[in-house]
>>> print(open('data_22.pdb').read())   # PDB, C-alpha atoms
ATOM      1  CA  MET A  28       0.000   0.000   0.000
ATOM      2  CA  SER A  29       0.945   3.616  -0.489
ATOM      3  CA  TYR A  30       0.842   5.972   2.455
ATOM      4  CA  ALA A  31       0.945   9.735   2.510
ATOM      5  CA  ALA A  32       0.420  12.675   4.800
ATOM      6  CA  VAL A  33      -1.261  15.762   3.389
ATOM      7  CA  LYS A  34      -1.926  19.218   4.769
ATOM      8  CA  LEU A  35      -4.642  21.168   2.976
ATOM      9  CA  LEU A  36      -5.580  24.825   3.167
ATOM     10  CA  TYR A  37      -9.308  25.161   2.650
ATOM     11  CA  ASN A  38     -12.190  27.323   3.819
ATOM     12  CA  GLY A  39     -13.133  25.238   6.814
ATOM     13  CA  ASP A  40     -12.420  24.631  10.468
ATOM     14  CA  TYR A  41      -9.377  22.727  11.690
ATOM     15  CA  THR A  42     -10.105  18.994  11.585
ATOM     16  CA  ARG A  43      -8.099  15.798  11.466
ATOM     17  CA  ILE A  44      -9.064  12.504   9.897
ATOM     18  CA  TYR A  45      -7.000   9.714  11.426
ATOM     19  CA  PRO A  46      -4.921   7.234   9.429
ATOM     20  CA  ARG A  47      -6.522   4.831   6.996
ATOM     21  CA  PRO A  48      -5.160   2.654   4.134
ATOM     22  CA  LEU A  49      -4.732   4.308   0.761
ATOM     23  CA  TYR A  50      -5.309   3.257  -2.816
ATOM     24  CA  THR A  51      -2.310   2.797  -5.071
ATOM     25  CA  GLY A  52      -1.854   3.135  -8.797
ATOM     26  CA  LYS A  53      -3.736   5.719 -10.857
ATOM     27  CA  GLU A  54      -6.667   6.246  -8.507
ATOM     28  CA  ALA A  55      -5.127   8.925  -6.252
ATOM     29  CA  GLU A  56      -2.035   9.897  -4.341
ATOM     30  CA  GLY A  57      -4.120   9.642  -1.173
ATOM     31  CA  TRP A  58      -3.408  10.393   2.459
ATOM     32  CA  PRO A  59      -3.918   8.689   5.821
ATOM     33  CA  TYR A  60      -4.870  11.936   7.522
ATOM     34  CA  LEU A  61      -5.886  15.390   6.454
ATOM     35  CA  ASN A  62      -5.661  18.751   8.186
ATOM     36  CA  ILE A  63      -8.124  21.383   7.000
ATOM     37  CA  ILE A  64      -7.190  24.858   8.131
ATOM     38  CA  ARG A  65      -8.813  28.276   7.764
ATOM     39  CA  SER A  66      -6.212  30.727   6.478
ATOM     40  CA  ALA A  67      -5.992  34.133   4.847
ATOM     41  CA  LEU A  68      -3.206  32.799   2.628
ATOM     42  CA  ARG A  69      -5.749  31.250   0.277
ATOM     43  CA  SER A  70      -7.213  34.711  -0.398
ATOM     44  CA  SER A  71      -3.836  36.325  -1.149
ATOM     45  CA  PRO A  72      -3.755  37.095  -4.899
ATOM     46  CA  ASP A  73       0.024  36.868  -5.279
ATOM     47  CA  LEU A  74       0.564  33.425  -3.713
ATOM     48  CA  HIS A  75      -1.983  30.698  -2.935
ATOM     49  CA  LEU A  76      -0.568  27.752  -1.000
ATOM     50  CA  HIS A  77      -3.130  25.018  -1.613
ATOM     51  CA  TYR A  78      -1.669  21.955   0.133
ATOM     52  CA  TRP A  79       1.501  20.040   0.876
ATOM     53  CA  GLY A  80       2.241  16.411   1.669
ATOM     54  CA  PHE A  81       4.657  13.520   2.084
ATOM     55  CA  GLU A  82       4.466   9.984   0.707
ATOM     56  CA  HIS A  83       6.352   6.692   0.787
ATOM     57  CA  CYS A  84       5.271   5.402  -2.619
ATOM     58  CA  ALA A  85       4.516   1.771  -3.346
ATOM     59  CA  PRO A  86       6.574   0.077  -6.097
ATOM     60  CA  GLY A  87       5.299   1.207  -9.478
ATOM     61  CA  HIS A  88       2.918   3.802  -7.990
ATOM     62  CA  THR A  89       1.782   6.117 -10.815
ATOM     63  CA  VAL A  90       0.014   9.450 -11.159
ATOM     64  CA  GLY A  91      -1.544  10.470 -14.480
ATOM     65  CA  PRO A  92      -1.260  11.079 -17.320
ATOM     66  CA  GLY A  93      -3.389  14.078 -16.431
ATOM     67  CA  VAL A  94      -3.517  17.812 -15.858
ATOM     68  CA  ARG A  95      -4.007  20.018 -12.820
ATOM     69  CA  ASP A  96      -4.997  23.656 -12.477
ATOM     70  CA  LEU A  97      -2.077  24.510 -10.195
ATOM     71  CA  TYR A  98       1.700  24.300  -9.879
ATOM     72  CA  LYS A  99       3.107  21.383  -7.903
ATOM     73  CA  ILE A 100       6.695  20.614  -6.896
ATOM     74  CA  HIS A 101       7.836  17.161  -5.739
ATOM     75  CA  PHE A 102      11.048  16.755  -3.731
ATOM     76  CA  ILE A 103      12.676  13.311  -3.955
ATOM     77  CA  HIS A 104      14.029  12.215  -0.543
ATOM     78  CA  ALA A 105      14.837   8.575  -1.362
ATOM     79  CA  GLY A 106      14.471   6.071  -4.187
ATOM     80  CA  THR A 107      13.990   6.728  -7.881
ATOM     81  CA  GLY A 108      11.241   7.338 -10.417
ATOM     82  CA  ARG A 109      10.453   9.027 -13.681
ATOM     83  CA  VAL A 110       8.359  11.940 -14.908
ATOM     84  CA  ALA A 111       7.048  12.468 -18.440
ATOM     85  CA  VAL A 112       5.875  15.832 -19.771
ATOM     86  CA  GLY A 113       4.647  15.838 -23.350
ATOM     87  CA  GLU A 114       7.179  13.742 -25.265
ATOM     88  CA  ALA A 115      10.059  14.385 -22.830
ATOM     89  CA  GLU A 116      10.864  11.898 -20.044
ATOM     90  CA  HIS A 117      13.199  12.396 -17.076
ATOM     91  CA  ARG A 118      14.554   9.914 -14.527
ATOM     92  CA  LEU A 119      15.005  11.287 -11.014
ATOM     93  CA  GLN A 120      16.705  10.165  -7.832
ATOM     94  CA  ALA A 121      17.106  11.376  -4.266
ATOM     95  CA  GLY A 122      18.273  14.972  -4.092
ATOM     96  CA  GLN A 123      16.322  16.124  -7.142
ATOM     97  CA  ALA A 124      12.936  17.796  -7.556
ATOM     98  CA  PHE A 125      10.501  18.417 -10.398
ATOM     99  CA  LEU A 126       7.851  21.014 -11.153
ATOM    100  CA  THR A 127       4.515  20.279 -12.842
ATOM    101  CA  TYR A 128       2.770  23.141 -14.602
ATOM    102  CA  PRO A 129      -0.970  23.913 -14.731
ATOM    103  CA  HIS A 130      -2.848  22.482 -17.723
ATOM    104  CA  ILE A 131       0.192  20.524 -18.955
ATOM    105  CA  VAL A 132      -0.314  16.750 -19.298
ATOM    106  CA  THR A 133       2.094  15.090 -16.865
ATOM    107  CA  TYR A 134       2.767  11.513 -15.819
ATOM    108  CA  TYR A 135       5.080  10.293 -13.077
ATOM    109  CA  ALA A 136       5.821   6.884 -11.623
ATOM    110  CA  ALA A 137       7.839   5.365  -8.793
ATOM    111  CA  ASP A 138      10.469   2.804  -9.703
ATOM    112  CA  SER A 139       9.235  -0.787  -9.441
ATOM    113  CA  THR A 140      12.218  -1.955  -7.356
ATOM    114  CA  GLU A 141      13.399   1.232  -5.621
ATOM    115  CA  PRO A 142      10.272   3.413  -5.316
ATOM    116  CA  TRP A 143      10.765   7.011  -4.381
ATOM    117  CA  THR A 144       9.753   8.795  -1.230
ATOM    118  CA  TYR A 145       8.785  12.377  -1.931
ATOM    119  CA  SER A 146       7.190  15.424  -0.414
ATOM    120  CA  TRP A 147       5.283  18.005  -2.398
ATOM    121  CA  VAL A 148       3.829  21.492  -2.290
ATOM    122  CA  ALA A 149       1.015  22.830  -4.516
ATOM    123  CA  PHE A 150       0.413  26.501  -5.183
ATOM    124  CA  THR A 151      -0.927  29.140  -7.575
ATOM    125  CA  GLY A 152      -0.870  32.934  -7.651
ATOM    126  CA  GLU A 153      -0.417  36.009  -9.789
ATOM    127  CA  GLU A 154       3.245  36.278  -8.827
ATOM    128  CA  ILE A 155       4.227  32.684  -9.631
ATOM    129  CA  GLU A 156       4.689  33.085 -13.382
ATOM    130  CA  SER A 157       6.982  36.064 -12.843
ATOM    131  CA  LEU A 158       9.037  34.207 -10.238
ATOM    132  CA  LEU A 159       9.431  31.105 -12.389
ATOM    133  CA  SER A 160      10.427  33.201 -15.408
ATOM    134  CA  ARG A 161      13.569  34.085 -13.450
ATOM    135  CA  THR A 162      14.549  30.400 -13.197
ATOM    136  CA  SER A 163      15.799  27.868 -15.746
ATOM    137  CA  LEU A 164      12.615  25.812 -15.335
ATOM    138  CA  SER A 165      10.065  25.232 -18.084
ATOM    139  CA  PRO A 166       7.553  22.499 -19.002
ATOM    140  CA  GLU A 167      10.301  20.881 -21.116
ATOM    141  CA  GLN A 168      12.922  21.245 -18.359
ATOM    142  CA  PRO A 169      11.080  20.733 -15.041
ATOM    143  CA  VAL A 170      13.894  19.057 -13.047
ATOM    144  CA  PHE A 171      16.214  20.871 -10.635
ATOM    145  CA  PRO A 172      18.554  19.937  -7.752
ATOM    146  CA  MET A 173      17.421  20.280  -4.151
ATOM    147  CA  ASP A 174      19.386  22.364  -1.704
ATOM    148  CA  GLN A 175      20.686  20.733   1.491
ATOM    149  CA  GLN A 176      18.624  22.609   4.077
ATOM    150  CA  LEU A 177      15.281  24.171   3.186
ATOM    151  CA  MET A 178      13.801  21.798   0.596
ATOM    152  CA  PRO A 179      14.411  18.530   2.502
ATOM    153  CA  ALA A 180      12.665  20.068   5.530
ATOM    154  CA  LEU A 181       9.956  22.071   3.727
ATOM    155  CA  TYR A 182       7.121  19.677   4.597
ATOM    156  CA  ASP A 183       8.044  19.685   8.296
ATOM    157  CA  ARG A 184       8.406  23.458   8.393
ATOM    158  CA  LEU A 185       5.040  24.067   6.744
ATOM    159  CA  THR A 186       3.390  21.542   9.029
ATOM    160  CA  ALA A 187       4.876  23.178  12.122
ATOM    161  CA  ALA A 188       3.711  26.584  10.910
ATOM    162  CA  ALA A 189       0.215  25.231  10.226
ATOM    163  CA  ASP A 190       0.023  23.911  13.782
ATOM    164  CA  THR A 191       0.636  27.418  15.135
ATOM    165  CA  ALA A 192      -2.624  28.794  16.488
ATOM    166  CA  GLU A 193      -1.974  32.508  15.840
ATOM    167  CA  GLY A 194      -0.968  34.315  12.638
ATOM    168  CA  LEU A 195      -1.142  31.185  10.480
ATOM    169  CA  ASP A 196      -0.891  32.821   7.063
ATOM    170  CA  LEU A 197       2.237  34.904   7.711
ATOM    171  CA  PRO A 198       4.585  32.034   8.714
ATOM    172  CA  LEU A 199       3.427  29.934   5.757
ATOM    173  CA  LYS A 200       3.858  32.789   3.328
ATOM    174  CA  ALA A 201       7.306  33.604   4.709
ATOM    175  CA  ILE A 202       8.404  29.981   4.247
ATOM    176  CA  MET A 203       7.161  29.918   0.664
ATOM    177  CA  TYR A 204       9.003  33.111  -0.235
ATOM    178  CA  GLU A 205      12.118  31.720   1.412
ATOM    179  CA  PHE A 206      11.702  28.647  -0.797
ATOM    180  CA  PHE A 207      11.445  30.734  -3.970
ATOM    181  CA  THR A 208      14.545  32.681  -2.943
ATOM    182  CA  VAL A 209      16.474  29.408  -2.699
ATOM    183  CA  LEU A 210      14.980  28.184  -5.990
ATOM    184  CA  LEU A 211      16.144  31.327  -7.810
ATOM    185  CA  HIS A 212      19.636  30.682  -6.453
ATOM    186  CA  ILE A 213      19.954  27.003  -7.381
ATOM    187  CA  ALA A 214      18.100  27.134 -10.742
ATOM    188  CA  PRO A 215      18.766  30.609 -12.157
ATOM    189  CA  ALA A 216      17.761  31.607 -15.659
ATOM    190  CA  ALA A 217      20.462  31.877 -18.299
ATOM    191  CA  LYS A 218      21.930  35.380 -18.414
ATOM    192  CA  ASP A 219      20.966  35.945 -22.028
ATOM    193  CA  ASN A 220      17.485  34.539 -21.308
ATOM    194  CA  VAL A 221      17.056  33.526 -24.944
ATOM    195  CA  ARG A 222      17.212  29.736 -24.707
ATOM    196  CA  LEU A 223      15.149  28.033 -27.411
ATOM    197  CA  PRO A 224      12.972  25.961 -25.030
ATOM    198  CA  ARG A 225      11.861  29.117 -23.214
ATOM    199  CA  ALA A 226      10.956  30.780 -26.531
ATOM    200  CA  LYS A 227       8.872  27.743 -27.469
ATOM    201  CA  SER A 228       7.265  27.695 -24.027
ATOM    202  CA  PHE A 229       6.183  31.291 -24.567
ATOM    203  CA  TYR A 230       4.112  30.337 -27.606
ATOM    204  CA  VAL A 231       2.516  27.414 -25.785
ATOM    205  CA  GLU A 232       1.707  29.598 -22.780
ATOM    206  CA  GLU A 233       0.127  32.170 -25.097
ATOM    207  CA  CYS A 234      -1.969  29.397 -26.658
ATOM    208  CA  LEU A 235      -3.116  28.259 -23.218
ATOM    209  CA  HIS A 236      -4.039  31.827 -22.239
ATOM    210  CA  PHE A 237      -5.984  32.159 -25.503
ATOM    211  CA  LEU A 238      -7.871  28.888 -25.001
ATOM    212  CA  HIS A 239      -8.709  29.630 -21.370
ATOM    213  CA  ALA A 240      -9.952  33.128 -22.202
ATOM    214  CA  HIS A 241     -12.014  32.179 -25.267
ATOM    215  CA  TYR A 242     -13.137  28.582 -24.686
ATOM    216  CA  CYS A 243     -16.768  29.736 -24.582
ATOM    217  CA  GLU A 244     -16.445  31.163 -28.118
ATOM    218  CA  ASN A 245     -16.158  29.598 -31.581
ATOM    219  CA  ILE A 246     -12.348  29.505 -31.748
ATOM    220  CA  THR A 247      -9.981  27.613 -34.046
ATOM    221  CA  VAL A 248      -6.291  26.749 -34.258
ATOM    222  CA  GLU A 249      -6.098  29.079 -37.256
ATOM    223  CA  MET A 250      -7.190  31.977 -35.033
ATOM    224  CA  MET A 251      -4.447  31.187 -32.515
ATOM    225  CA  SER A 252      -1.730  30.751 -35.111
ATOM    226  CA  SER A 253      -2.766  33.978 -36.803
ATOM    227  CA  SER A 254      -2.603  35.936 -33.552
ATOM    228  CA  LEU A 255       0.904  34.570 -32.876
ATOM    229  CA  LYS A 256       1.997  34.886 -36.545
ATOM    230  CA  LEU A 257       3.019  31.218 -36.664
ATOM    231  CA  ASP A 258       2.281  28.423 -39.101
ATOM    232  CA  ARG A 259      -0.774  26.457 -37.990
ATOM    233  CA  LYS A 260       0.875  23.034 -38.386
ATOM    234  CA  TYR A 261       4.008  24.161 -36.565
ATOM    235  CA  LEU A 262       1.967  25.596 -33.684
ATOM    236  CA  SER A 263      -0.140  22.427 -33.394
ATOM    237  CA  ALA A 264       2.961  20.213 -33.333
ATOM    238  CA  LEU A 265       4.680  22.447 -30.769
ATOM    239  CA  PHE A 266       1.576  22.480 -28.565
ATOM    240  CA  LYS A 267       1.211  18.687 -28.694
ATOM    241  CA  ARG A 268       4.908  18.109 -28.011
ATOM    242  CA  THR A 269       4.770  20.349 -24.913
ATOM    243  CA  VAL A 270       1.290  19.744 -23.515
ATOM    244  CA  GLY A 271       0.789  16.146 -24.648
ATOM    245  CA  LEU A 272      -2.451  16.786 -26.559
ATOM    246  CA  PRO A 273      -3.360  18.547 -29.820
ATOM    247  CA  PRO A 274      -4.940  21.983 -29.271
ATOM    248  CA  GLN A 275      -8.433  20.843 -30.290
ATOM    249  CA  GLN A 276      -8.350  17.864 -27.919
ATOM    250  CA  TYR A 277      -7.088  20.065 -25.096
ATOM    251  CA  LEU A 278      -9.871  22.573 -25.804
ATOM    252  CA  LEU A 279     -12.466  19.797 -25.758
ATOM    253  CA  ASN A 280     -11.201  18.486 -22.405
ATOM    254  CA  PHE A 281     -11.085  21.993 -20.956
ATOM    255  CA  ARG A 282     -14.645  22.773 -22.079
ATOM    256  CA  ILE A 283     -15.974  19.517 -20.651
ATOM    257  CA  ALA A 284     -14.150  20.166 -17.350
ATOM    258  CA  LYS A 285     -15.839  23.572 -17.126
ATOM    259  CA  ALA A 286     -19.164  21.963 -17.984
ATOM    260  CA  CYS A 287     -18.669  19.450 -15.162
ATOM    261  CA  GLU A 288     -18.185  22.310 -12.711
ATOM    262  CA  LEU A 289     -21.393  23.971 -13.858
ATOM    263  CA  LEU A 290     -23.350  20.719 -13.752
ATOM    264  CA  ALA A 291     -22.225  20.009 -10.197
ATOM    265  CA  GLU A 292     -22.389  23.531  -8.793
ATOM    266  CA  SER A 293     -25.183  25.387 -10.630
ATOM    267  CA  ASN A 294     -28.844  25.057 -11.553
ATOM    268  CA  CYS A 295     -28.270  25.974 -15.205
ATOM    269  CA  THR A 296     -29.992  23.847 -17.827
ATOM    270  CA  VAL A 297     -27.943  21.613 -20.103
ATOM    271  CA  GLY A 298     -28.590  24.026 -22.967
ATOM    272  CA  GLU A 299     -27.370  26.982 -20.927
ATOM    273  CA  ILE A 300     -24.252  25.085 -19.900
ATOM    274  CA  ALA A 301     -23.606  24.042 -23.500
ATOM    275  CA  ARG A 302     -23.643  27.663 -24.659
ATOM    276  CA  SER A 303     -21.500  28.695 -21.678
ATOM    277  CA  VAL A 304     -18.682  26.395 -22.795
ATOM    278  CA  GLY A 305     -18.757  27.147 -26.514
ATOM    279  CA  TYR A 306     -21.454  24.843 -27.949
ATOM    280  CA  GLN A 307     -24.463  26.453 -29.613
ATOM    281  CA  ASP A 308     -26.003  23.011 -30.253
ATOM    282  CA  PRO A 309     -26.938  21.224 -26.984
ATOM    283  CA  LEU A 310     -27.136  17.874 -28.800
ATOM    284  CA  LEU A 311     -23.572  18.226 -30.083
ATOM    285  CA  PHE A 312     -22.499  19.228 -26.580
ATOM    286  CA  SER A 313     -24.163  16.117 -25.113
ATOM    287  CA  ARG A 314     -22.443  13.863 -27.655
ATOM    288  CA  MET A 315     -19.029  15.381 -26.948
ATOM    289  CA  PHE A 316     -19.641  15.245 -23.190
ATOM    290  CA  LYS A 317     -20.462  11.540 -23.342
ATOM    291  CA  LYS A 318     -17.412  10.932 -25.536
ATOM    292  CA  VAL A 319     -15.147  12.421 -22.860
ATOM    293  CA  LYS A 320     -16.895  11.433 -19.622
ATOM    294  CA  GLY A 321     -18.670   8.217 -20.650
ATOM    295  CA  CYS A 322     -22.090   9.426 -19.508
ATOM    296  CA  SER A 323     -24.646  12.084 -20.423
ATOM    297  CA  PRO A 324     -24.622  15.541 -18.780
ATOM    298  CA  LYS A 325     -27.854  14.644 -16.997
ATOM    299  CA  ASP A 326     -26.369  11.444 -15.548
ATOM    300  CA  TYR A 327     -23.213  13.293 -14.498
ATOM    301  CA  ARG A 328     -25.276  15.910 -12.657
ATOM    302  CA  SER A 329     -27.309  13.273 -10.822
ATOM    303  CA  ARG A 330     -24.082  11.625  -9.584
ATOM    304  CA  HIS A 331     -22.105  14.733  -8.665
ATOM    305  CA  ALA A 332     -24.480  17.574  -7.811
ATOM    306  CA  ASN A 333     -23.753  19.061  -4.364
ATOM    307  CA  ASN A 334     -20.996  16.540  -3.660
ATOM    308  CA  ASP A 335     -17.878  17.772  -1.893
ATOM    309  CA  ILE A 336     -14.874  18.391  -4.126
ATOM    310  CA  VAL A 337     -12.125  15.817  -3.585
ATOM    311  CA  LEU A 338      -8.509  16.663  -4.459
TER     312      LEU A 338
END
>>> encode(input="data_22.pdb", output="structure tokens")
Amino acid sequence: MSYAAVKLLYNGDYTRIYPRPLYTGKEAEGWPYLNIIRSALRSSPDLHLHYWGFEHCAPGHTVGPGVRDLYKIHFIHAGTGRVAVGEAEHRLQAGQAFLTYPHIVTYYAADSTEPWTYSWVAFTGEEIESLLSRTSLSPEQPVFPMDQQLMPALYDRLTAAADTAEGLDLPLKAIMYEFFTVLLHIAPAAKDNVRLPRAKSFYVEECLHFLHAHYCENITVEMMSSSLKLDRKYLSALFKRTVGLPPQQYLLNFRIAKACELLAESNCTVGEIARSVGYQDPLLFSRMFKKVKGCSPKDYRSRHANNDIVL
């Protein structure tokens, strides 16, 4: 079995769920206990610390392929494993770390004979993109070395800060900014800042911004390539190589994910939801929804409406 400890910042009172066995494989990373803490840090626009955790992975334990809507860094404390982003694959060992980007298809797996033990931290925020632009990291190059002091102890330090009754958000935020200071030191950007992978990443990031801003409209790859003044075939190939999916497939998945949110959290009709995510024809929307989710929008709503969100 795979065991993990997770701390989660959420809008709720402090609670603890005591240890229980976890699933392994692709189902979830899991945790034996969960702390839910009320904190002002989640409302800070520059840095949102969502959760952090620690896990002794079972042999062959895998996560993905899939996407998240946040940044997540894993720190390898022991063992080995591999991470795949798009068409690039990296093997990691103790003393290394890797960053996963929002909306980028990522897969990672523990070694079958020497599975890794890792801790992780998940975050978003308006300041994150600017901070990471000052490092050598990118979706194609997500691996970096750990330092000898802060990163190995980051989980324990965050946990200790979370257990402090007063002024919770300030200690956590201070630790995260200390982490980014160390990250900028150990993985600095090239001085000329014109490396080819970063230039390519810029175009992919612009595509993602375009898709996320206009998914509810009738958009095409031609519109994106025209706005970036790039060849359509080149842009599609670059997007697939980096993200792991063609632009149209990514757009479909993103629209259906937004539709799932509306089905579970609103009283909008299926037709209203269809138009909200870029489909003028509710029947076409229903067909595409079933293609992705394996059930109709109505069935999905009956199963998920008013259910708690599970990470």
>>> residues_around(input="data_22.pdb", residues="Ile202 (chain A)", least_positions_apart="6", cutoff="9 Å", atoms="all atoms listed in the file", output="number ranges by chain")
A: 181, 184-185, 188
>>> residues_around(input="data_22.pdb", residues="His117 (chain A)", least_positions_apart="5", cutoff="9 Å", atoms="all atoms listed in the file", output="list in words")
Gly108, Arg109, Val110, Ala111, Val112, Gln168, Pro169 and Val170 of chain A
>>> closest_residue(input="data_22.pdb", among="A:Ile300, A:Val270, A:Ala214, A:Leu262", to="Arg328 (chain A)", atoms="only C-alpha atoms")
A:Ile300
>>> atom_distance(input="data_22.pdb", atom1="CA of Leu119 (chain A)", atom2="CA of Ala189 (chain A)")
29.4 Å
>>> resolve_selection(input="data_22.pdb", expression="the PyMOL selection byres ((chain A and resi 306-318) around 9)", output="list in words")
Cys243, Glu244, Asn245, Leu279, Ile283, Ala286, Val297, Gly298, Glu299, Ile300, Ala301, Arg302, Ser303, Val304, Gly305, Val319, Lys320, Gly321, Cys322, Ser323 and Pro324 of chain A
>>> resolve_selection(input="data_22.pdb", expression="the PyMOL selection byres ((chain A and resi 274) around 10)", output="JSON, numbers by chain")
{"A": [231, 234, 235, 238, 247, 248, 251, 262, 263, 264, 265, 266, 267, 270, 271, 272, 273, 275, 276, 277, 278, 279, 280]}
>>> residues_around(input="data_22.pdb", residues="Trp147 (chain A)", least_positions_apart="3", cutoff="12 Å", atoms="all atoms listed in the file", output="ChimeraX atom specification")
/A:31-35,56,76-83,98-104,124-127,144,150,178-183,185
>>> residues_around(input="data_22.pdb", residues="Leu159 (chain A)", least_positions_apart="6", cutoff="10 Å", atoms="all atoms listed in the file", output="VMD selection string")
chain A and resid 165 207 210 to 211 214 to 216
>>> build_atoms(input="data_22.pdb", residues="region 121-133 of chain A", atoms="N, CA and C atoms", output="PDB file, in the frame of the given file")
ATOM      1  N   ALA A 121      17.077  10.570  -5.487  1.00  0.00           N
ATOM      2  CA  ALA A 121      17.106  11.376  -4.266  1.00  0.00           C
ATOM      3  C   ALA A 121      17.991  12.597  -4.463  1.00  0.00           C
ATOM      4  N   GLY A 122      17.522  13.738  -3.953  1.00  0.00           N
ATOM      5  CA  GLY A 122      18.273  14.972  -4.092  1.00  0.00           C
ATOM      6  C   GLY A 122      17.839  15.824  -5.264  1.00  0.00           C
ATOM      7  N   GLN A 123      16.859  15.348  -6.036  1.00  0.00           N
ATOM      8  CA  GLN A 123      16.322  16.124  -7.142  1.00  0.00           C
ATOM      9  C   GLN A 123      14.853  16.460  -6.879  1.00  0.00           C
ATOM     10  N   ALA A 124      14.329  17.393  -7.660  1.00  0.00           N
ATOM     11  CA  ALA A 124      12.936  17.796  -7.556  1.00  0.00           C
ATOM     12  C   ALA A 124      12.406  18.074  -8.955  1.00  0.00           C
ATOM     13  N   PHE A 125      11.078  18.064  -9.107  1.00  0.00           N
ATOM     14  CA  PHE A 125      10.501  18.417 -10.398  1.00  0.00           C
ATOM     15  C   PHE A 125       9.224  19.229 -10.206  1.00  0.00           C
ATOM     16  N   LEU A 126       8.991  20.105 -11.166  1.00  0.00           N
ATOM     17  CA  LEU A 126       7.851  21.014 -11.153  1.00  0.00           C
ATOM     18  C   LEU A 126       6.848  20.596 -12.217  1.00  0.00           C
ATOM     19  N   THR A 127       5.577  20.491 -11.862  1.00  0.00           N
ATOM     20  CA  THR A 127       4.515  20.279 -12.842  1.00  0.00           C
ATOM     21  C   THR A 127       3.742  21.576 -13.003  1.00  0.00           C
ATOM     22  N   TYR A 128       3.426  21.882 -14.251  1.00  0.00           N
ATOM     23  CA  TYR A 128       2.770  23.141 -14.602  1.00  0.00           C
ATOM     24  C   TYR A 128       1.261  22.947 -14.744  1.00  0.00           C
ATOM     25  N   PRO A 129       0.479  24.013 -14.510  1.00  0.00           N
ATOM     26  CA  PRO A 129      -0.970  23.913 -14.731  1.00  0.00           C
ATOM     27  C   PRO A 129      -1.287  23.626 -16.188  1.00  0.00           C
ATOM     28  N   HIS A 130      -2.293  22.757 -16.398  1.00  0.00           N
ATOM     29  CA  HIS A 130      -2.848  22.482 -17.723  1.00  0.00           C
ATOM     30  C   HIS A 130      -1.859  21.828 -18.686  1.00  0.00           C
ATOM     31  N   ILE A 131      -0.769  21.265 -18.145  1.00  0.00           N
ATOM     32  CA  ILE A 131       0.192  20.524 -18.955  1.00  0.00           C
ATOM     33  C   ILE A 131       0.079  19.042 -18.588  1.00  0.00           C
ATOM     34  N   VAL A 132      -0.160  18.182 -19.566  1.00  0.00           N
ATOM     35  CA  VAL A 132      -0.314  16.750 -19.298  1.00  0.00           C
ATOM     36  C   VAL A 132       0.996  16.199 -18.739  1.00  0.00           C
ATOM     37  N   THR A 133       0.909  15.598 -17.559  1.00  0.00           N
ATOM     38  CA  THR A 133       2.094  15.090 -16.865  1.00  0.00           C
ATOM     39  C   THR A 133       1.817  13.689 -16.330  1.00  0.00           C
TER      40      THR A 133
END
